[in-house]
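Structure file structure.tsv with TSV, C-alpha atoms:
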chain	number	residue	atom	x	y	z
A	197	MET	CA	13.80	-12.57	-14.81
A	198	TYR	CA	13.40	-13.74	-11.23
A	199	GLU	CA	11.79	-17.04	-10.40
A	200	LYS	CA	9.29	-17.03	-7.57
A	201	SER	CA	11.47	-19.30	-5.48
A	202	GLU	CA	14.35	-16.87	-5.84
A	203	VAL	CA	12.63	-13.70	-4.70
A	204	LEU	CA	10.23	-14.78	-1.95
A	205	HIS	CA	11.49	-15.03	1.59
A	206	ASP	CA	10.60	-17.53	4.28
A	207	LEU	CA	8.06	-15.98	6.62
A	208	PRO	CA	7.76	-18.40	9.54
A	209	VAL	CA	5.80	-15.88	11.62
A	210	TRP	CA	2.68	-16.52	9.57
A	211	GLU	CA	3.15	-19.91	7.98
A	212	THR	CA	-0.03	-21.28	9.59
A	213	GLU	CA	-3.64	-20.56	8.69
A	214	GLY	CA	-6.00	-18.05	10.29
A	215	ASN	CA	-5.19	-14.85	12.10
A	216	GLU	CA	-1.49	-15.65	12.40
A	217	VAL	CA	-1.10	-14.48	8.81
A	218	VAL	CA	-1.17	-10.91	10.17
A	219	GLN	CA	0.68	-11.51	13.40
A	220	ARG	CA	3.54	-9.40	12.03
A	221	PHE	CA	3.11	-7.00	9.10
A	222	THR	CA	3.98	-3.54	7.82
A	223	PHE	CA	1.30	-1.21	6.51
A	224	PHE	CA	2.48	1.59	4.22
A	225	ASP	CA	1.09	4.38	2.09
A	226	PHE	CA	2.23	6.98	-0.43
A	227	GLU	CA	0.60	10.30	-1.20
A	228	ALA	CA	1.53	11.36	-4.72
A	229	ASN	CA	1.02	14.18	-7.18
A	230	GLY	CA	-1.34	12.40	-9.58
A	231	VAL	CA	-3.41	9.30	-10.23
A	232	ASP	CA	-1.08	7.60	-12.73
A	233	PRO	CA	1.55	5.83	-10.60
A	234	SER	CA	3.98	5.55	-13.52
A	235	ILE	CA	4.46	9.34	-13.57
A	236	ALA	CA	3.04	10.67	-10.28
A	237	GLU	CA	5.72	12.15	-8.04
A	238	PRO	CA	5.57	10.75	-4.48
A	239	ILE	CA	5.26	13.60	-1.97
A	240	GLU	CA	4.69	11.72	1.30
A	241	PHE	CA	5.40	8.28	2.73
A	242	ALA	CA	4.33	6.59	5.93
A	243	GLY	CA	4.84	3.09	7.21
A	244	ALA	CA	4.19	1.27	10.47
A	245	HIS	CA	5.23	-2.10	11.85
A	246	PHE	CA	2.52	-4.06	13.64
A	247	GLU	CA	3.01	-7.04	15.91
A	248	ASN	CA	0.06	-8.92	17.40
A	249	GLY	CA	-2.25	-6.06	16.44
A	250	VAL	CA	-0.14	-3.32	18.04
A	251	MET	CA	1.87	-0.65	16.23
A	252	VAL	CA	5.46	-0.99	17.43
A	253	ASP	CA	7.30	1.41	15.10
A	254	SER	CA	6.50	3.97	12.40
A	255	ILE	CA	8.03	6.47	10.00
A	256	ASN	CA	6.44	9.41	8.21
A	257	PHE	CA	8.02	12.09	6.04
A	258	LEU	CA	7.43	14.39	3.10
A	259	ILE	CA	9.48	13.88	-0.06
A	260	TYR	CA	10.95	16.87	-1.86
A	261	GLN	CA	10.00	17.28	-5.51
A	262	ASP	CA	10.88	20.22	-7.74
A	263	ILE	CA	7.27	20.68	-8.82
A	264	GLU	CA	4.11	22.59	-8.03
A	265	ILE	CA	1.62	20.20	-6.43
A	266	ASP	CA	-1.62	19.92	-8.37
A	267	PRO	CA	-4.35	22.00	-6.64
A	268	GLN	CA	-6.65	18.96	-6.59
A	269	VAL	CA	-3.98	16.99	-4.72
A	270	VAL	CA	-3.61	19.88	-2.27
A	271	ASP	CA	-7.38	19.85	-1.71
A	272	VAL	CA	-7.40	16.11	-1.01
A	273	THR	CA	-4.22	15.77	1.07
A	274	GLY	CA	-3.73	19.22	2.55
A	275	ILE	CA	-0.06	19.04	1.54
A	276	THR	CA	1.00	22.34	-0.02
A	277	THR	CA	3.91	22.93	-2.37
A	278	GLU	CA	5.51	25.22	0.21
A	279	GLU	CA	5.28	22.62	2.97
A	280	MET	CA	6.62	19.85	0.72
A	281	LYS	CA	9.61	21.94	-0.39
A	282	ARG	CA	10.32	23.20	3.12
A	283	GLU	CA	10.07	19.89	4.97
A	284	GLY	CA	10.58	17.25	2.30
A	285	ILE	CA	13.69	15.08	2.27
A	286	PRO	CA	15.54	14.29	-0.99
A	287	GLU	CA	14.05	11.42	-2.98
A	288	GLU	CA	17.28	9.41	-2.82
A	289	GLU	CA	17.24	9.59	0.98
A	290	ALA	CA	13.56	8.68	1.01
A	291	VAL	CA	14.23	5.54	-1.05
A	292	ARG	CA	16.90	4.39	1.40
A	293	LYS	CA	14.58	4.93	4.36
A	294	ILE	CA	11.68	3.15	2.69
A	295	HIS	CA	13.81	0.22	1.54
A	296	ASP	CA	15.28	-0.26	5.02
A	297	PHE	CA	11.91	0.08	6.74
A	298	LEU	CA	10.03	-2.39	4.55
A	299	GLY	CA	12.83	-4.94	4.61
A	300	THR	CA	11.53	-8.42	3.83
A	301	ARG	CA	8.35	-8.10	5.90
A	302	LEU	CA	4.81	-8.85	4.80
A	303	ILE	CA	3.61	-5.48	3.44
A	304	VAL	CA	0.04	-4.23	3.31
A	305	ALA	CA	-1.67	-1.22	1.73
A	306	HIS	CA	-5.09	-0.14	0.52
A	307	ASN	CA	-4.99	-0.24	-3.28
A	308	ILE	CA	-1.48	-1.62	-3.03
A	309	GLY	CA	-1.16	-1.87	-6.80
A	310	TYR	CA	-0.82	1.92	-6.91
A	311	ASP	CA	1.72	2.06	-4.09
A	312	LEU	CA	3.80	-0.79	-5.50
A	313	GLN	CA	4.02	0.97	-8.86
A	314	ILE	CA	5.15	4.17	-7.13
A	315	LEU	CA	7.76	2.16	-5.23
A	316	ASN	CA	8.92	0.36	-8.37
A	317	GLU	CA	9.47	3.68	-10.17
A	318	LEU	CA	11.46	4.97	-7.20
A	319	TYR	CA	13.63	1.86	-7.15
A	320	LYS	CA	14.30	2.14	-10.89
A	321	ARG	CA	15.24	5.82	-10.67
A	322	HIS	CA	17.68	5.22	-7.86
A	323	GLY	CA	19.26	1.97	-9.01
A	324	ARG	CA	17.93	-0.39	-6.37
A	325	LYS	CA	19.12	-3.82	-7.53
A	326	ARG	CA	16.85	-5.90	-5.30
A	327	PRO	CA	13.40	-6.11	-6.85
A	328	ILE	CA	10.20	-5.67	-4.91
A	329	ASP	CA	9.80	-9.20	-3.59
A	330	ASN	CA	7.84	-8.83	-0.36
A	331	HIS	CA	4.75	-10.90	0.19
A	332	PHE	CA	1.83	-8.48	0.22
A	333	ILE	CA	-1.85	-8.04	1.03
A	334	ASP	CA	-4.21	-5.48	-0.51
A	335	THR	CA	-7.12	-4.43	1.71
A	336	LEU	CA	-8.90	-3.04	-1.36
A	337	THR	CA	-8.85	-6.48	-3.00
A	338	ILE	CA	-10.35	-7.96	0.17
A	339	GLY	CA	-12.90	-5.17	0.42
A	340	ARG	CA	-14.16	-5.63	-3.13
A	341	ASN	CA	-14.76	-9.32	-2.42
A	342	VAL	CA	-16.45	-9.10	0.97
A	343	ASP	CA	-17.96	-5.59	1.14
A	344	PHE	CA	-20.44	-3.56	-0.84
A	345	TYR	CA	-19.43	-0.47	-2.82
A	346	PRO	CA	-17.97	2.09	-2.08
A	347	HIS	CA	-14.56	0.61	-1.27
A	348	ARG	CA	-12.61	3.75	-0.40
A	349	LEU	CA	-10.57	3.31	2.76
A	350	ASP	CA	-12.51	5.95	4.68
A	351	LYS	CA	-15.85	4.41	3.74
A	352	LEU	CA	-14.80	0.88	4.68
A	353	CYS	CA	-13.39	2.08	8.00
A	354	GLU	CA	-16.60	3.97	8.71
A	355	ARG	CA	-18.70	0.90	7.86
A	356	HIS	CA	-16.78	-1.31	10.27
A	357	ASN	CA	-16.26	1.27	13.03
A	358	VAL	CA	-12.52	1.40	12.45
A	359	PRO	CA	-11.06	4.75	13.59
A	360	LEU	CA	-9.66	6.87	10.73
A	361	THR	CA	-8.93	10.52	11.37
A	362	GLY	CA	-7.70	12.77	8.58
A	363	ALA	CA	-7.91	10.49	5.55
A	364	HIS	CA	-5.45	11.08	2.69
A	365	ARG	CA	-2.52	11.85	4.94
A	366	ALA	CA	-0.18	8.90	4.78
A	367	LEU	CA	0.21	7.99	8.46
A	368	ASN	CA	-3.51	8.44	9.14
A	369	ASP	CA	-4.30	6.08	6.27
A	370	VAL	CA	-1.73	3.59	7.58
A	371	VAL	CA	-3.31	3.46	11.03
A	372	GLY	CA	-6.84	3.23	9.64
A	373	GLY	CA	-5.87	0.67	7.02
A	374	ALA	CA	-4.16	-1.55	9.57
A	375	GLY	CA	-7.31	-1.43	11.68
A	376	LEU	CA	-9.34	-2.50	8.66
A	377	LEU	CA	-6.98	-5.42	7.98
A	378	LEU	CA	-7.26	-6.57	11.58
A	379	HIS	CA	-11.04	-6.31	11.34
A	380	TYR	CA	-11.03	-8.62	8.31
A	381	ALA	CA	-8.63	-10.95	10.12
A	382	LYS	CA	-11.28	-11.64	12.77
A	383	ASP	CA	-13.11	-13.72	10.16
A	384	ASN	CA	-10.00	-15.73	9.22
A	385	ILE	CA	-10.26	-14.65	5.58
A	386	ILE	CA	-6.80	-13.14	5.12
A	387	ARG	CA	-4.62	-16.08	4.06
A	388	PRO	CA	-6.11	-16.50	0.54
A	389	TYR	CA	-5.32	-12.86	-0.26
A	390	VAL	CA	-1.56	-13.04	0.19
A	391	ASP	CA	0.07	-11.90	-3.09
A	392	LYS	CA	-3.37	-11.52	-4.72
A	393	LEU	CA	-3.86	-8.25	-6.61
A	394	GLY	CA	-7.37	-7.32	-7.67
A	395	TYR	CA	-8.19	-4.80	-10.37
A	396	PHE	CA	-11.52	-3.35	-11.42
A	397	GLY	CA	-12.74	-5.30	-14.43
A	398	LYS	CA	-13.90	-2.17	-16.25
A	399	TYR	CA	-10.27	-1.16	-16.72
A	400	ALA	CA	-7.06	-2.80	-17.87
A	401	PRO	CA	-4.77	-4.58	-15.38
A	402	PRO	CA	-2.06	-2.43	-13.80
A	403	ALA	CA	0.82	-1.53	-16.09
A	404	TRP	CA	3.31	-3.07	-13.64
A	405	TYR	CA	2.98	-5.51	-10.78
A	406	PRO	CA	5.30	-8.04	-9.10
A	407	GLU	CA	5.60	-11.08	-11.32
A	408	TYR	CA	4.70	-13.40	-8.46
A	409	ALA	CA	1.37	-11.62	-7.90
A	410	THR	CA	-1.88	-13.32	-8.86
A	411	LEU	CA	-4.11	-10.88	-10.77
A	412	VAL	CA	-7.84	-11.05	-10.12
A	413	LYS	CA	-10.49	-9.21	-12.14
A	414	GLN	CA	-13.07	-7.76	-9.76
A	415	TRP	CA	-16.43	-6.01	-9.94
A	416	ASN	CA	-18.22	-3.83	-7.44
A	417	LYS	CA	-20.99	-5.33	-5.36
A	418	TYR	CA	-23.92	-3.03	-4.69
A	419	ASN	CA	-26.31	-3.21	-1.76
A	420	ASN	CA	-29.68	-2.76	-3.40

Encoded form (structure tokens):
Amino acid sequence: MYEKSEVLHDLPVWETEGNEVVQRFTFFDFEANGVDPSIAEPIEFAGAHFENGVMVDSINFLIYQDIEIDPQVVDVTGITTEEMKREGIPEEEAVRKIHDFLGTRLIVAHNIGYDLQILNELYKRHGRKRPIDNHFIDTLTIGRNVDFYPHRLDKLCERHNVPLTGAHRALNDVVGGAGLLLHYAKDNIIRPYVDKLGYFGKYAPPAWYPEYATLVKQWNKYNN
């Protein structure tokens, strides 16, 4: 068991209030073969480093899995089994790349609970000894609090005029999601959401989440 003080890193870049909380962050996204993150095989990863609102570095690759991708996943992502097997890198190599890229930075994703569970399963399978201990922000948790339903990334980006081309491909979602985070940051509302993980109150909390996360039961707001 890790104590919070043992696993969290000093992050002097954003130790003050307001927009400086997102002065330096990494947005990431998985595409996976299923909706249950405890068993869904990751088939694509993308991540991008942002500094002062500008993307300064990125990675994007398919991950090889010895499976047939579910047709519904193919319909949503456009990733075919043939493409994944032809271009995907081995999972062990993918884990190394992901681990090195995320480092100890503030990480952000839309519905990050799903992505963190995918990442945790990868780390367990490949013997990563360091736990997931990055500070994080979930743009879905923010969206549920400040925006009306629906809270899908593409819908929120459309509502706030944030460019998002080709949703459900990892790097496209990363660029759009980062734009959404920076939109929210204009209102200085980001700081309270660090390490806060919302979940829809109709369902149970996520099966796994970092022990330093604060769980928040949320409900959809509807614009009647």

Sel. within 12 Å of pt (-4.9, -6.9, 9.6), counting only C-alpha atoms, output as a PyMOL selection string: chain A and resi 214-223+245-251+302-306+332-335+338+358+370-387+389-390

Centre and edge lengths of an axis-aligned box around all listed atoms of stretch 246-256 of chain A, with 6 Å added on each side, are to be given in Å to one decimal, as JSON.
{"center_x": 2.9, "center_y": 0.2, "center_z": 13.1, "size_x": 22.3, "size_y": 30.3, "size_z": 21.8}

Contacts of A:Ala228 at 8 Å (all atoms listed in the file; same-chain gap of 4+ positions) as an MDAnalysis selection string: chainID A and resid 236:240 269

Stretch 393-409 of chain A surroundings by all atoms listed in the file, 6 Å radius, close-in-sequence under 4 positions cut, as a PyMOL selection string: chain A and resi 200+337+413-415

Interatomic distance, atom CA of A:His331 to atom CA of A:Phe226 (Å, one decimal): 18.1 Å

Selection near A:Glu288, 10 Å with all atoms listed in the file, sequence-local residues under 2 positions removed, as a list in words: Ile259, Tyr260, Ile285, Pro286, Ala290, Val291, Arg292, Lys293, Leu318, Tyr319, Arg321, His322 and Gly323 of chain A

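The space separating atom CA of A:Asp350 from atom CA of A:Ser254 comes to 20.6 Å.
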
Residue with smallest distance to A:Gln313 - pool A:Leu411, A:Ser234, A:Glu264, A:Tyr418, counting all atoms listed in the file: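 Checking each of A:Leu411, A:Ser234, A:Glu264, A:Tyr418 against A:Gln313, counting all atoms listed in the file, the winner is A:Ser234.
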
Proximity to A:Ile294 - best of A:Ala244, A:Val252, A:Val272, A:Val342, only C-alpha atoms: A:Ala244

One-decimal distance in Å that lies between atom CA of A:Glu283 and atom CA of A:Glu227: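 If I compute the distance from atom CA of A:Glu227 to atom CA of A:Glu283, I get 14.8 Å.
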